[in-house]
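As stored in model.cif (mmCIF, C-alpha atoms):
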data_work
loop_
_atom_site.label_atom_id
_atom_site.label_comp_id
_atom_site.auth_asym_id
_atom_site.auth_seq_id
_atom_site.Cartn_x
_atom_site.Cartn_y
_atom_site.Cartn_z
CA MET A 1007 -6.11 -56.58 -5.40
CA TRP A 1008 -9.52 -55.00 -6.10
CA PRO A 1009 -9.91 -53.43 -2.60
CA ILE A 1010 -6.44 -51.92 -2.91
CA VAL A 1011 -7.24 -50.44 -6.32
CA VAL A 1012 -10.46 -48.94 -5.00
CA VAL A 1013 -8.63 -47.32 -2.09
CA VAL A 1014 -6.04 -45.84 -4.43
CA ILE A 1015 -8.75 -44.39 -6.67
CA ILE A 1016 -10.51 -42.84 -3.68
CA ILE A 1017 -7.29 -41.29 -2.39
CA LEU A 1018 -6.46 -39.78 -5.76
CA ALA A 1019 -9.96 -38.37 -6.06
CA GLY A 1020 -9.65 -36.80 -2.64
CA ILE A 1021 -6.33 -35.24 -3.49
CA GLY A 1022 -7.87 -33.31 -6.37
CA GLY A 1023 -6.93 -32.67 -9.96
CA GLY A 1024 -4.02 -30.33 -9.33
CA LEU A 1025 -2.14 -32.57 -6.91
CA GLY A 1026 -3.02 -35.66 -8.91
CA TYR A 1027 -1.53 -33.99 -11.95
CA TYR A 1028 1.55 -33.22 -9.91
CA PHE A 1029 2.20 -36.85 -9.01
CA TYR A 1030 1.61 -37.86 -12.60
CA GLU A 1031 4.15 -35.31 -13.78
CA LYS A 1032 6.53 -36.16 -10.94
CA GLY A 1033 6.75 -39.70 -12.18
CA LYS A 1034 7.99 -38.43 -15.54
CA SER A 1035 10.52 -35.87 -14.30
CA THR A 1036 13.14 -35.68 -11.60
CA SER A 1037 13.03 -31.88 -11.35
CA THR A 1038 10.92 -30.04 -8.77
CA PRO A 1039 8.13 -27.98 -10.38
CA SER A 1040 8.67 -24.28 -9.72
CA ILE A 1041 6.71 -21.06 -10.15
CA VAL A 1042 7.76 -17.40 -9.94
CA PHE A 1043 6.33 -14.92 -7.46
CA SER A 1044 6.98 -11.24 -8.23
CA GLY A 1045 6.47 -7.90 -6.54
CA TRP A 1046 8.17 -4.60 -6.01
CA VAL A 1047 10.75 -4.01 -3.28
CA SER A 1048 10.34 -0.79 -1.32
CA SER A 1049 13.29 -1.58 0.95
CA GLY A 1050 15.80 -4.27 1.85
CA ALA A 1051 13.52 -5.20 4.72
CA GLU A 1052 10.60 -5.92 2.39
CA TYR A 1053 12.82 -8.04 0.15
CA ASN A 1054 13.83 -10.13 3.16
CA PHE A 1055 10.20 -10.44 4.26
CA ASP A 1056 9.14 -11.76 0.84
CA GLN A 1057 12.00 -14.23 0.82
CA ALA A 1058 11.01 -15.41 4.29
CA MET A 1059 7.43 -16.06 3.13
CA VAL A 1060 8.68 -18.04 0.14
CA SER A 1061 11.06 -20.06 2.32
CA ALA A 1062 8.29 -20.85 4.79
CA PHE A 1063 5.99 -22.06 2.01
CA ASN A 1064 8.73 -24.15 0.37
CA ALA A 1065 9.50 -25.78 3.71
CA LEU A 1066 5.87 -26.91 3.91
CA HIS A 1067 5.72 -28.05 0.26
CA THR A 1068 8.91 -29.92 -0.56
CA ASN A 1069 7.37 -31.39 -3.72
CA VAL A 1070 7.14 -27.96 -5.42
CA SER A 1071 8.92 -24.63 -5.06
CA VAL A 1072 8.33 -20.91 -5.38
CA LYS A 1073 11.04 -18.43 -6.40
CA PHE A 1074 10.81 -14.74 -5.58
CA GLU A 1075 11.90 -12.56 -8.49
CA PRO A 1076 11.11 -8.88 -7.88
CA ILE A 1077 10.33 -6.58 -10.79
CA THR A 1078 12.88 -3.79 -10.49
CA THR A 1079 11.84 -1.48 -13.32
CA SER A 1080 11.08 2.11 -12.32
CA ASN A 1081 7.38 1.48 -12.94
CA TYR A 1082 6.38 -1.88 -11.52
CA TYR A 1083 3.17 -2.20 -13.52
CA THR A 1084 4.82 -1.28 -16.81
CA GLY A 1085 7.38 -3.99 -16.14
CA LEU A 1086 4.67 -6.49 -15.20
CA GLU A 1087 2.63 -5.70 -18.30
CA ASN A 1088 5.71 -6.09 -20.49
CA GLU A 1089 6.25 -9.55 -19.04
CA PHE A 1090 2.66 -10.50 -19.91
CA VAL A 1091 3.09 -9.25 -23.45
CA ALA A 1092 6.30 -11.26 -23.80
CA GLY A 1093 4.70 -14.35 -22.27
CA ASN A 1094 7.14 -14.36 -19.34
CA GLN A 1095 4.68 -13.33 -16.66
CA PRO A 1096 5.04 -14.57 -13.06
CA ALA A 1097 2.46 -16.98 -11.70
CA VAL A 1098 1.78 -14.90 -8.57
CA PHE A 1099 2.34 -11.18 -8.22
CA TYR A 1100 1.52 -8.04 -6.25
CA MET A 1101 -1.55 -6.16 -7.42
CA GLU A 1102 -2.98 -2.90 -6.09
CA ASN A 1103 -6.70 -2.27 -6.29
CA ASP A 1104 -6.32 0.94 -8.32
CA VAL A 1105 -4.59 -0.77 -11.25
CA LEU A 1106 -6.52 -4.03 -10.98
CA PRO A 1107 -9.32 -3.01 -13.41
CA GLU A 1108 -6.77 -2.38 -16.14
CA PHE A 1109 -5.12 -5.81 -15.77
CA ALA A 1110 -8.44 -7.61 -15.34
CA HIS A 1111 -9.87 -5.91 -18.43
CA ALA A 1112 -6.82 -7.08 -20.42
CA GLY A 1113 -7.52 -10.68 -19.37
CA TYR A 1114 -4.32 -11.08 -17.39
CA LEU A 1115 -5.88 -11.99 -14.03
CA MET A 1116 -7.54 -15.17 -12.80
CA ASN A 1117 -10.91 -14.92 -11.03
CA LEU A 1118 -10.12 -16.13 -7.50
CA GLY A 1119 -13.69 -16.21 -6.23
CA PRO A 1120 -14.52 -19.90 -6.92
CA THR A 1121 -11.24 -21.22 -5.51
CA LEU A 1122 -11.15 -19.12 -2.34
CA SER A 1123 -14.85 -19.59 -1.64
CA ALA A 1124 -14.44 -23.36 -1.79
CA ASN A 1125 -11.66 -23.35 0.83
CA THR A 1126 -13.49 -23.22 4.17
CA THR A 1127 -10.29 -22.90 6.19
CA TYR A 1128 -9.20 -19.83 4.21
CA ASP A 1129 -12.02 -17.69 5.68
CA LEU A 1130 -12.83 -15.33 2.85
CA ASN A 1131 -15.15 -13.45 5.22
CA GLY A 1132 -12.33 -12.66 7.64
CA PHE A 1133 -11.06 -9.63 5.71
CA GLU A 1134 -11.93 -6.02 6.39
CA PRO A 1135 -14.86 -5.44 4.00
CA GLY A 1136 -13.45 -2.22 2.55
CA VAL A 1137 -10.17 -3.93 1.71
CA ILE A 1138 -11.43 -7.07 0.02
CA ASN A 1139 -14.24 -5.25 -1.78
CA SER A 1140 -11.65 -3.07 -3.50
CA PHE A 1141 -10.31 -6.13 -5.34
CA TYR A 1142 -13.55 -6.96 -7.12
CA PHE A 1143 -14.08 -5.89 -10.72
CA ASN A 1144 -17.31 -6.54 -12.62
CA GLY A 1145 -18.39 -8.90 -9.85
CA ASN A 1146 -15.24 -11.07 -9.87
CA LEU A 1147 -12.48 -11.22 -7.25
CA TYR A 1148 -9.11 -10.73 -8.95
CA ALA A 1149 -6.76 -10.37 -5.96
CA ALA A 1150 -6.59 -11.66 -2.41
CA PRO A 1151 -5.75 -8.98 0.19
CA LYS A 1152 -2.15 -9.13 1.35
CA ASP A 1153 -2.07 -6.00 3.49
CA TRP A 1154 -2.98 -2.34 3.48
CA SER A 1155 -1.49 0.93 4.62
CA ALA A 1156 -2.87 4.26 5.73
CA LEU A 1157 -1.51 7.78 5.98
CA PHE A 1158 -1.00 9.23 9.45
CA VAL A 1159 1.26 11.75 11.21
CA LEU A 1160 4.61 11.08 12.86
CA PHE A 1161 6.30 13.65 15.08
CA ASN A 1162 9.69 13.81 16.80
CA LYS A 1163 9.08 14.22 20.53
CA GLN A 1164 12.64 15.40 21.16
CA ILE A 1165 12.31 18.26 18.68
CA PHE A 1166 8.92 19.22 20.11
CA ASN A 1167 10.37 19.15 23.64
CA GLN A 1168 13.41 21.24 22.72
CA GLU A 1169 11.22 23.80 20.97
CA HIS A 1170 8.53 23.80 23.69
CA VAL A 1171 5.79 22.93 21.20
CA ALA A 1172 2.72 20.99 22.33
CA TYR A 1173 2.38 17.46 20.99
CA PRO A 1174 -0.49 17.03 18.51
CA THR A 1175 -1.86 14.38 20.88
CA ASN A 1176 -2.13 17.00 23.64
CA LEU A 1177 -4.20 19.45 21.60
CA THR A 1178 -7.94 19.74 22.13
CA SER A 1179 -8.50 19.50 18.37
CA TRP A 1180 -6.39 18.29 15.47
CA THR A 1181 -7.54 20.23 12.43
CA TRP A 1182 -5.91 21.88 9.43
CA SER A 1183 -5.63 25.04 11.51
CA THR A 1184 -3.84 23.40 14.46
CA PHE A 1185 -1.72 21.33 12.05
CA GLN A 1186 -0.52 24.55 10.42
CA SER A 1187 -0.04 26.40 13.71
CA THR A 1188 2.05 23.52 15.06
CA LEU A 1189 4.39 23.86 12.08
CA THR A 1190 4.46 27.63 12.59
CA HIS A 1191 5.65 27.16 16.18
CA LEU A 1192 8.27 24.62 15.08
CA LYS A 1193 9.64 27.07 12.55
CA ALA A 1194 9.61 30.02 14.98
CA ASN A 1195 11.46 28.10 17.73
CA ALA A 1196 14.02 26.37 15.50
CA SER A 1197 16.86 28.38 17.08
CA LEU A 1198 16.44 26.28 20.24
CA LEU A 1199 17.61 23.17 18.39
CA PRO A 1200 21.27 22.02 18.26
CA GLY A 1201 23.34 24.24 16.01
CA GLY A 1202 20.63 26.85 16.01
CA GLY A 1203 18.38 24.60 13.95
CA THR A 1204 20.58 24.46 10.86
CA GLY A 1205 19.58 21.46 8.77
CA TYR A 1206 16.30 20.96 10.65
CA TYR A 1207 12.84 21.23 9.11
CA PRO A 1208 9.42 21.62 10.73
CA MET A 1209 8.16 19.20 8.06
CA VAL A 1210 9.15 17.78 4.66
CA GLU A 1211 6.88 16.98 1.75
CA GLY A 1212 6.89 16.73 -2.01
CA PRO A 1213 4.67 16.76 -5.09
CA GLN A 1214 2.75 13.72 -3.87
CA PHE A 1215 -0.74 13.53 -5.34
CA ALA A 1216 -1.78 10.82 -2.87
CA ARG A 1217 -1.10 13.12 0.07
CA ILE A 1218 -3.18 15.83 -1.58
CA LEU A 1219 -6.02 13.36 -2.08
CA ALA A 1220 -6.05 12.58 1.65
CA PHE A 1221 -6.62 16.25 2.40
CA MET A 1222 -9.17 16.38 -0.43
CA HIS A 1223 -11.25 13.75 1.34
CA GLU A 1224 -10.88 15.71 4.59
CA ALA A 1225 -12.38 18.67 2.74
CA GLY A 1226 -15.25 16.47 1.55
CA GLY A 1227 -14.19 16.45 -2.10
CA GLN A 1228 -13.70 13.84 -4.81
CA TRP A 1229 -11.39 13.40 -7.78
CA ILE A 1230 -12.87 10.80 -10.20
CA ASN A 1231 -16.59 10.30 -10.68
CA PRO A 1232 -18.24 6.97 -9.72
CA ALA A 1233 -18.57 5.92 -13.36
CA GLY A 1234 -14.80 6.19 -13.82
CA ASN A 1235 -15.07 8.20 -17.01
CA GLY A 1236 -14.13 11.70 -15.87
CA ALA A 1237 -13.50 14.14 -13.05
CA SER A 1238 -16.03 14.36 -10.24
CA PRO A 1239 -18.43 17.32 -10.18
CA ASN A 1240 -17.73 17.46 -6.43
CA SER A 1241 -14.13 18.62 -6.85
CA ALA A 1242 -14.03 21.80 -4.77
CA GLY A 1243 -12.32 19.88 -1.95
CA LEU A 1244 -9.54 18.94 -4.37
CA GLU A 1245 -8.76 22.58 -4.99
CA SER A 1246 -8.71 23.28 -1.22
CA ALA A 1247 -6.35 20.36 -0.67
CA ILE A 1248 -3.95 21.50 -3.40
CA GLN A 1249 -3.82 24.98 -1.94
CA PHE A 1250 -3.27 23.67 1.60
CA TRP A 1251 -0.53 21.15 0.73
CA TYR A 1252 1.36 23.52 -1.53
CA GLY A 1253 0.84 26.39 0.91
CA LEU A 1254 2.78 24.55 3.60
CA TYR A 1255 5.78 24.50 1.27
CA SER A 1256 5.39 27.97 -0.25
CA SER A 1257 5.09 29.55 3.21
CA GLY A 1258 8.28 27.89 4.42
CA LEU A 1259 6.57 25.57 6.91
CA ALA A 1260 7.73 22.49 5.01
CA GLY A 1261 10.88 21.73 3.09
CA LEU A 1262 11.20 19.46 0.07
CA SER A 1263 12.16 15.84 0.58
CA SER A 1264 14.21 16.07 -2.61
CA ASN A 1265 16.60 18.41 -0.77
CA MET A 1266 17.38 15.86 1.93
CA SER A 1267 19.57 12.77 1.82
CA ALA A 1268 16.81 10.17 1.99
CA GLY A 1269 14.62 11.88 -0.60
CA TRP A 1270 11.31 10.70 0.88
CA ASN A 1271 9.51 11.91 3.96
CA GLY A 1272 9.66 8.72 6.02
CA GLY A 1273 13.38 8.35 5.44
CA ASP A 1274 13.88 12.06 6.08
CA PHE A 1275 12.04 11.78 9.38
CA ALA A 1276 14.30 8.84 10.31
CA THR A 1277 17.32 11.18 10.27
CA GLY A 1278 16.03 12.95 13.38
CA LYS A 1279 16.11 16.33 11.62
CA VAL A 1280 12.39 16.68 10.85
CA GLY A 1281 9.71 17.69 13.32
CA MET A 1282 6.64 16.17 11.69
CA VAL A 1283 5.62 14.27 8.54
CA VAL A 1284 2.58 12.79 6.85
CA THR A 1285 3.56 9.26 5.94
CA GLY A 1286 2.46 5.62 6.05
CA ASN A 1287 3.32 2.55 8.06
CA TRP A 1288 5.92 1.55 5.45
CA ALA A 1289 8.16 4.09 7.19
CA ILE A 1290 8.12 2.32 10.56
CA PRO A 1291 10.68 -0.43 9.78
CA VAL A 1292 13.01 2.30 8.49
CA LEU A 1293 12.78 4.17 11.80
CA ASN A 1294 13.57 1.01 13.72
CA ALA A 1295 16.35 -0.25 11.45
CA SER A 1296 19.83 -0.83 12.75
CA GLY A 1297 21.81 2.40 12.81
CA ALA A 1298 18.78 4.66 12.34
CA TYR A 1299 18.36 7.70 14.59
CA PHE A 1300 15.36 6.18 16.36
CA ALA A 1301 16.67 2.60 16.49
CA ASN A 1302 17.23 2.60 20.23
CA GLN A 1303 14.80 5.35 21.13
CA MET A 1304 11.48 4.57 19.46
CA SER A 1305 9.82 6.14 22.50
CA SER A 1306 10.83 9.47 20.94
CA VAL A 1307 8.53 8.80 17.99
CA GLY A 1308 5.12 10.39 18.43
CA TYR A 1309 2.20 9.41 16.26
CA THR A 1310 -1.34 10.53 15.67
CA VAL A 1311 -4.13 10.38 13.11
CA MET A 1312 -4.48 12.69 10.14
CA PRO A 1313 -5.91 16.15 10.89
CA SER A 1314 -9.50 16.84 9.92
CA ASP A 1315 -11.26 19.68 8.12
CA THR A 1316 -14.85 19.11 7.05
CA GLN A 1317 -14.48 15.48 8.10
CA ALA A 1318 -11.91 12.99 9.38
CA ALA A 1319 -10.25 11.09 6.53
CA THR A 1320 -7.09 9.38 5.34
CA MET A 1321 -5.91 7.51 2.27
CA MET A 1322 -5.84 3.72 2.22
CA PHE A 1323 -3.48 1.78 -0.04
CA ASN A 1324 -4.45 -1.87 -0.60
CA VAL A 1325 -2.09 -4.53 -1.92
CA GLY A 1326 -3.18 -8.01 -2.89
CA LEU A 1327 -1.82 -11.10 -4.60
CA SER A 1328 -3.11 -12.03 -8.04
CA LEU A 1329 -2.67 -15.10 -10.19
CA ALA A 1330 -1.95 -15.04 -13.90
CA SER A 1331 -4.83 -16.33 -15.99
CA GLY A 1332 -4.44 -19.38 -18.22
CA MET A 1333 -2.44 -21.59 -15.84
CA SER A 1334 -3.25 -25.28 -15.40
CA GLY A 1335 -2.02 -28.44 -13.75
CA VAL A 1336 0.72 -28.37 -11.19
CA LYS A 1337 1.60 -24.75 -11.94
CA LEU A 1338 -1.93 -23.63 -11.13
CA TRP A 1339 -2.10 -25.83 -8.04
CA THR A 1340 1.19 -24.44 -6.70
CA ALA A 1341 0.17 -20.84 -7.38
CA GLU A 1342 -3.17 -21.33 -5.63
CA GLN A 1343 -1.54 -22.99 -2.63
CA PHE A 1344 1.03 -20.21 -2.30
CA LEU A 1345 -1.60 -17.46 -2.55
CA GLU A 1346 -3.79 -19.20 0.02
CA TYR A 1347 -0.83 -19.64 2.36
CA PHE A 1348 0.42 -16.05 2.02
CA THR A 1349 -2.98 -14.38 2.44
CA GLY A 1350 -4.59 -16.98 4.72
CA PRO A 1351 -4.85 -16.51 8.51
CA THR A 1352 -1.50 -18.19 9.29
CA GLY A 1353 0.49 -16.60 6.48
CA GLU A 1354 -0.88 -13.12 7.08
CA GLN A 1355 -0.05 -13.39 10.78
CA LYS A 1356 3.54 -14.18 9.79
CA TRP A 1357 3.68 -11.40 7.18
CA VAL A 1358 2.40 -8.58 9.37
CA SER A 1359 4.58 -9.69 12.29
CA ASN A 1360 7.39 -7.96 10.39
CA GLY A 1361 5.63 -4.62 10.92
CA LEU A 1362 5.74 -3.47 7.30
CA ALA A 1363 2.01 -3.05 6.67
CA LEU A 1364 -1.40 -3.46 8.28
CA PRO A 1365 -3.22 -6.79 8.42
CA SER A 1366 -6.20 -7.12 6.11
CA ARG A 1367 -7.83 -9.64 8.43
CA THR A 1368 -9.96 -8.09 11.16
CA ALA A 1369 -9.11 -10.67 13.80
CA ILE A 1370 -5.39 -9.91 13.54
CA LEU A 1371 -5.75 -6.11 13.53
CA ASP A 1372 -8.10 -6.15 16.51
CA SER A 1373 -6.12 -8.65 18.59
CA ALA A 1374 -4.57 -7.47 21.85
CA GLY A 1375 -1.25 -9.00 20.85
CA TYR A 1376 -1.05 -6.99 17.64
CA GLN A 1377 -2.06 -3.76 19.37
CA SER A 1378 0.63 -4.27 21.99
CA ALA A 1379 3.41 -5.26 19.58
CA PHE A 1380 2.63 -2.64 16.90
CA PRO A 1381 1.07 0.44 18.53
CA ILE A 1382 1.90 2.81 15.66
CA ASP A 1383 0.49 0.40 13.07
CA TYR A 1384 -2.62 -0.10 15.15
CA LEU A 1385 -3.08 3.67 15.38
CA ALA A 1386 -2.87 3.83 11.58
CA GLY A 1387 -5.33 0.98 11.26
CA SER A 1388 -7.77 2.56 13.70
CA GLN A 1389 -8.53 5.11 10.95
CA PHE A 1390 -10.14 2.36 8.86
CA PRO A 1391 -13.69 3.74 9.20
CA VAL A 1392 -12.59 7.02 7.60
CA ALA A 1393 -10.05 5.59 5.12
CA TYR A 1394 -10.58 6.15 1.41
CA GLY A 1395 -8.99 3.79 -1.09
CA TRP A 1396 -7.88 4.28 -4.67
CA ASN A 1397 -11.19 2.73 -5.73
CA TYR A 1398 -11.78 4.14 -9.19
CA ASN A 1399 -13.80 2.20 -11.71
CA THR A 1400 -11.47 2.91 -14.61
CA THR A 1401 -9.13 0.95 -16.84
CA ASN A 1402 -6.77 3.89 -17.40
CA PHE A 1403 -5.75 4.78 -13.87
CA GLN A 1404 -1.98 4.55 -14.38
CA ALA A 1405 -1.84 7.17 -17.12
CA THR A 1406 -4.33 9.43 -15.35
CA GLU A 1407 -2.52 9.36 -12.03
CA ALA A 1408 0.85 9.91 -13.75
CA ASP A 1409 -0.47 12.94 -15.64
CA CYS A 1410 -1.95 14.44 -12.48
CA HIS A 1411 1.30 13.84 -10.63
CA SER A 1412 3.15 15.72 -13.39
CA VAL A 1413 0.81 18.67 -12.92
CA ILE A 1414 1.55 18.74 -9.18
CA ALA A 1415 5.29 18.45 -9.89
CA ASN A 1416 5.07 21.47 -12.19
CA MET A 1417 3.30 23.39 -9.45
CA PHE A 1418 6.07 22.63 -6.96
CA ALA A 1419 8.59 23.67 -9.62
CA GLY A 1420 6.94 27.08 -9.73
CA LYS A 1421 5.48 26.62 -13.21
CA LEU A 1422 1.83 26.65 -12.12
CA THR A 1423 -0.24 28.34 -9.46
CA PRO A 1424 -2.43 26.09 -7.28
CA GLN A 1425 -5.52 27.32 -9.10
CA ALA A 1426 -4.00 26.57 -12.51
CA ALA A 1427 -2.85 23.14 -11.29
CA TYR A 1428 -6.37 22.34 -10.12
CA GLN A 1429 -7.85 23.29 -13.50
CA GLN A 1430 -5.25 21.24 -15.36
CA ILE A 1431 -5.97 18.18 -13.22
CA LEU A 1432 -9.65 18.40 -14.09
CA THR A 1433 -8.75 18.72 -17.77
CA VAL A 1434 -6.32 15.81 -17.96
CA THR A 1435 -8.60 13.61 -15.86
CA ASN A 1436 -11.49 14.16 -18.26
CA GLN A 1437 -9.24 13.63 -21.28
CA ASP A 1438 -7.57 10.47 -19.96
CA LEU A 1439 -10.76 8.84 -18.71
CA ALA A 1440 -13.06 9.63 -21.64
CA GLY A 1441 -14.63 6.33 -22.65
CA THR A 1442 -12.73 4.21 -20.08
CA GLY A 1443 -15.46 3.84 -17.45
CA THR A 1444 -16.76 0.31 -16.92
#
Could you spell out this file's structure in structure tokens?
Amino acid sequence: MWPIVVVVIIILAGIGGGLGYYFYEKGKSTSTPSIVFSGWVSSGAEYNFDQAMVSAFNALHTNVSVKFEPITTSNYYTGLENEFVAGNQPAVFYMENDVLPEFAHAGYLMNLGPTLSANTTYDLNGFEPGVINSFYFNGNLYAAPKDWSALFVLFNKQIFNQEHVAYPTNLTSWTWSTFQSTLTHLKANASLLPGGGTGYYPMVEGPQFARILAFMHEAGGQWINPAGNGASPNSAGLESAIQFWYGLYSSGLAGLSSNMSAGWNGGDFATGKVGMVVTGNWAIPVLNASGAYFANQMSSVGYTVMPSDTQAATMMFNVGLSLASGMSGVKLWTAEQFLEYFTGPTGEQKWVSNGLALPSRTAILDSAGYQSAFPIDYLAGSQFPVAYGWNYNTTNFQATEADCHSVIANMFAGKLTPQAAYQQILTVTNQDLAGTGT
């Protein structure tokens, strides 16, 4: 009997505390341990993708289970924070790098560094450096990269052909000037479109602060200072970006997304009534969805990088998976296993194969198979060297961004001039971030 006992002890030691705890608990209960995974849902497609990832994990781990329960409040992070306060928080959840400092500072997030570093098959070094570095706070890793997205330009080749306007990809330079002149030609030649161009727009946009920030970086400017406690002294590019973005609308070169059926520029472009938009790769599944205008004619979708001014630039939006702090036993083990599956090489390959966002792992993004299957996504990802993330070292980003968005909304409502909007943004940024730098 002694050799058998020794073997059993060795096996249990090799399994590890979490799994050992699971078998101990399993012997006392007939129910399957379960954890909750939460995130937002930008579309029905994303909901199905999340469910597919959960189903794939559960098929590999029949002794535990994960349930996907999206947070459907209008503000995802407010809803998530409310669940933490009530003690009903999910075990695993979406986390963007811009809000991460706030949740980490509150003690809600588990430091993933020790666990992920110890897993040699996970390959912590396989991520794009700019993506994974955005999830560190005070030296600790609080989220594992799930995917990222970048802004780029889509254009409708059929509209450009009908109006005899040169594709952006055929121009010798793609700057703010040629961007604006392209829209000018689309507006001037609208009568060549079906119905004389009624219901068509050269471009659609809205009071989107993130779009303005992309142009701010192109102008070489900054919004928040490196300390995270106020507006940057290098903010002249922000003013230029506000004037440029709003000027496209005020001059009639761009309509408002709020006046169209979809209400957002990617969905508006999918109707086939818009010549050009600045959007992200989250719009691509919508273009290719069943019944969409481009569903059977994706070859009519043109795509190119963001225009440049002082420098080439775009905005990068990083999404990771975080674990709630304070978990133990089988719940912690299951959460860690699910996170490592979802964001590991195999899981990420499965996730990005749906075409919703860009892979955070360099090997996947640079692979010939990915480039061939997702040419638009790869074009977006090729901007990585000039992509700027929402990397602000502040614990009050949500309120600051919301206040700045309100200022831009007031400008588009005709309540503020671009110059006044710029001054107000500096004021509210300094007020909101006073004392919050880390």
Who sits within 10 Å of Gly1145 in chain A, all atoms listed in the file, same chain under 3 positions skipped, as a tab-separated table (two decimals) with C-alpha atoms, keeping the file's coordinate frame:
chain	number	residue	atom	x	y	z
A	1117	ASN	CA	-10.91	-14.92	-11.03
A	1119	GLY	CA	-13.69	-16.21	-6.23
A	1139	ASN	CA	-14.24	-5.25	-1.78
A	1141	PHE	CA	-10.31	-6.13	-5.34
A	1142	TYR	CA	-13.55	-6.96	-7.12
A	1148	TYR	CA	-9.11	-10.73	-8.95
* Asked: Neighbours of range 1084-1098 of chain A within 6 Å (only C-alpha atoms; same-chain residues fewer than 3 positions away dropped), as a VMD selection string?
  -> chain A and resid 1042 to 1043 1079 1081 1328 to 1330
Keeping only C-alpha atoms, write those residues as a short mmCIF file (atom, residue, chain, number, x, y, z; two decimals), keeping the file's coordinate frame.
data_model
loop_
_atom_site.label_atom_id
_atom_site.label_comp_id
_atom_site.auth_asym_id
_atom_site.auth_seq_id
_atom_site.Cartn_x
_atom_site.Cartn_y
_atom_site.Cartn_z
CA VAL A 1042 7.76 -17.40 -9.94
CA PHE A 1043 6.33 -14.92 -7.46
CA THR A 1079 11.84 -1.48 -13.32
CA ASN A 1081 7.38 1.48 -12.94
CA SER A 1328 -3.11 -12.03 -8.04
CA LEU A 1329 -2.67 -15.10 -10.19
CA ALA A 1330 -1.95 -15.04 -13.90
#
* Do a neighbour search on Glu1342 in chain A at 9 Å with all atoms listed in the file, toss out local chain neighbours closer than 3 positions, and write the hits as a list in words. => Val1098, Leu1118, Thr1121, Leu1122, Leu1329, Lys1337, Leu1338, Trp1339, Leu1345, Glu1346 and Tyr1347 of chain A
* Determine the residue membership of the PyMOL selection byres ((chain A and resi 1363) around 12) for the file above and supply it as JSON, numbers by chain. => {"A": [1048, 1051, 1052, 1055, 1151, 1152, 1153, 1154, 1155, 1156, 1157, 1286, 1287, 1288, 1289, 1290, 1291, 1322, 1323, 1324, 1325, 1326, 1354, 1355, 1356, 1357, 1358, 1359, 1360, 1361, 1362, 1364, 1365, 1366, 1367, 1371, 1380, 1382, 1383, 1384, 1386, 1387]}
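One finds CA of Pro1391 in chain A at 23.7 Å from CA of Phe1250 in chain A.
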* Mind checking which residues fall within 7 Å of range 1170-1184 of chain A, counting all atoms listed in the file, ignoring those fewer than 6 positions away in the same chain, and posting them as a PyMOL selection string? => chain A and resi 1191-1192+1310+1313-1315
* Do you have the CA of Ser1187 in chain A-CA of Ser1241 in chain A distance handy? -> 26.1 Å
* Separation of CA of His1067 in chain A from CA of Gly1335 in chain A, in Å and rounded to one decimal ->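 Interatomic distance here is 16.0 Å.
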Range 1169-1288 of chain A near range 1403-1426 of chain A within 8 Å: what's each residue's closest atom pair and its distance in Å to one decimal, counting all atoms listed in the file, ordered by chain then ascending residue number, as CSV?
residue,atom,partner,partner_atom,distance
A:Gly1212,CA,A:Phe1418,CA,7.7
A:Pro1213,CA,A:Ala1415,CA,5.1
A:Gln1214,CA,A:His1411,CA,6.9
A:Phe1215,CA,A:His1411,CA,5.7
A:Glu1245,CA,A:Gln1425,CA,7.1
A:Ile1248,CA,A:Pro1424,CA,6.2
A:Gln1249,CA,A:Pro1424,CA,5.6
A:Tyr1252,CA,A:Phe1418,CA,7.2
Residue completion, range 1082-1089 of chain A, N, CA and C atoms, as a PDB file, in the frame of the given file:
ATOM      1  N   TYR A1082       6.644  -0.457 -11.730  1.00  0.00           N
ATOM      2  CA  TYR A1082       6.380  -1.880 -11.520  1.00  0.00           C
ATOM      3  C   TYR A1082       5.342  -2.413 -12.511  1.00  0.00           C
ATOM      4  N   TYR A1083       4.245  -1.686 -12.686  1.00  0.00           N
ATOM      5  CA  TYR A1083       3.170  -2.200 -13.520  1.00  0.00           C
ATOM      6  C   TYR A1083       3.523  -2.196 -14.997  1.00  0.00           C
ATOM      7  N   THR A1084       4.335  -1.245 -15.434  1.00  0.00           N
ATOM      8  CA  THR A1084       4.820  -1.280 -16.810  1.00  0.00           C
ATOM      9  C   THR A1084       5.674  -2.521 -17.025  1.00  0.00           C
ATOM     10  N   GLY A1085       6.549  -2.797 -16.054  1.00  0.00           N
ATOM     11  CA  GLY A1085       7.380  -3.990 -16.140  1.00  0.00           C
ATOM     12  C   GLY A1085       6.556  -5.260 -16.139  1.00  0.00           C
ATOM     13  N   LEU A1086       5.529  -5.307 -15.273  1.00  0.00           N
ATOM     14  CA  LEU A1086       4.670  -6.490 -15.200  1.00  0.00           C
ATOM     15  C   LEU A1086       3.904  -6.681 -16.505  1.00  0.00           C
ATOM     16  N   GLU A1087       3.368  -5.605 -17.044  1.00  0.00           N
ATOM     17  CA  GLU A1087       2.630  -5.700 -18.300  1.00  0.00           C
ATOM     18  C   GLU A1087       3.530  -6.152 -19.442  1.00  0.00           C
ATOM     19  N   ASN A1088       4.761  -5.666 -19.459  1.00  0.00           N
ATOM     20  CA  ASN A1088       5.710  -6.090 -20.490  1.00  0.00           C
ATOM     21  C   ASN A1088       5.982  -7.587 -20.412  1.00  0.00           C
ATOM     22  N   GLU A1089       6.011  -8.120 -19.200  1.00  0.00           N
ATOM     23  CA  GLU A1089       6.250  -9.550 -19.040  1.00  0.00           C
ATOM     24  C   GLU A1089       5.047 -10.353 -19.562  1.00  0.00           C
TER      25      GLU A1089
END
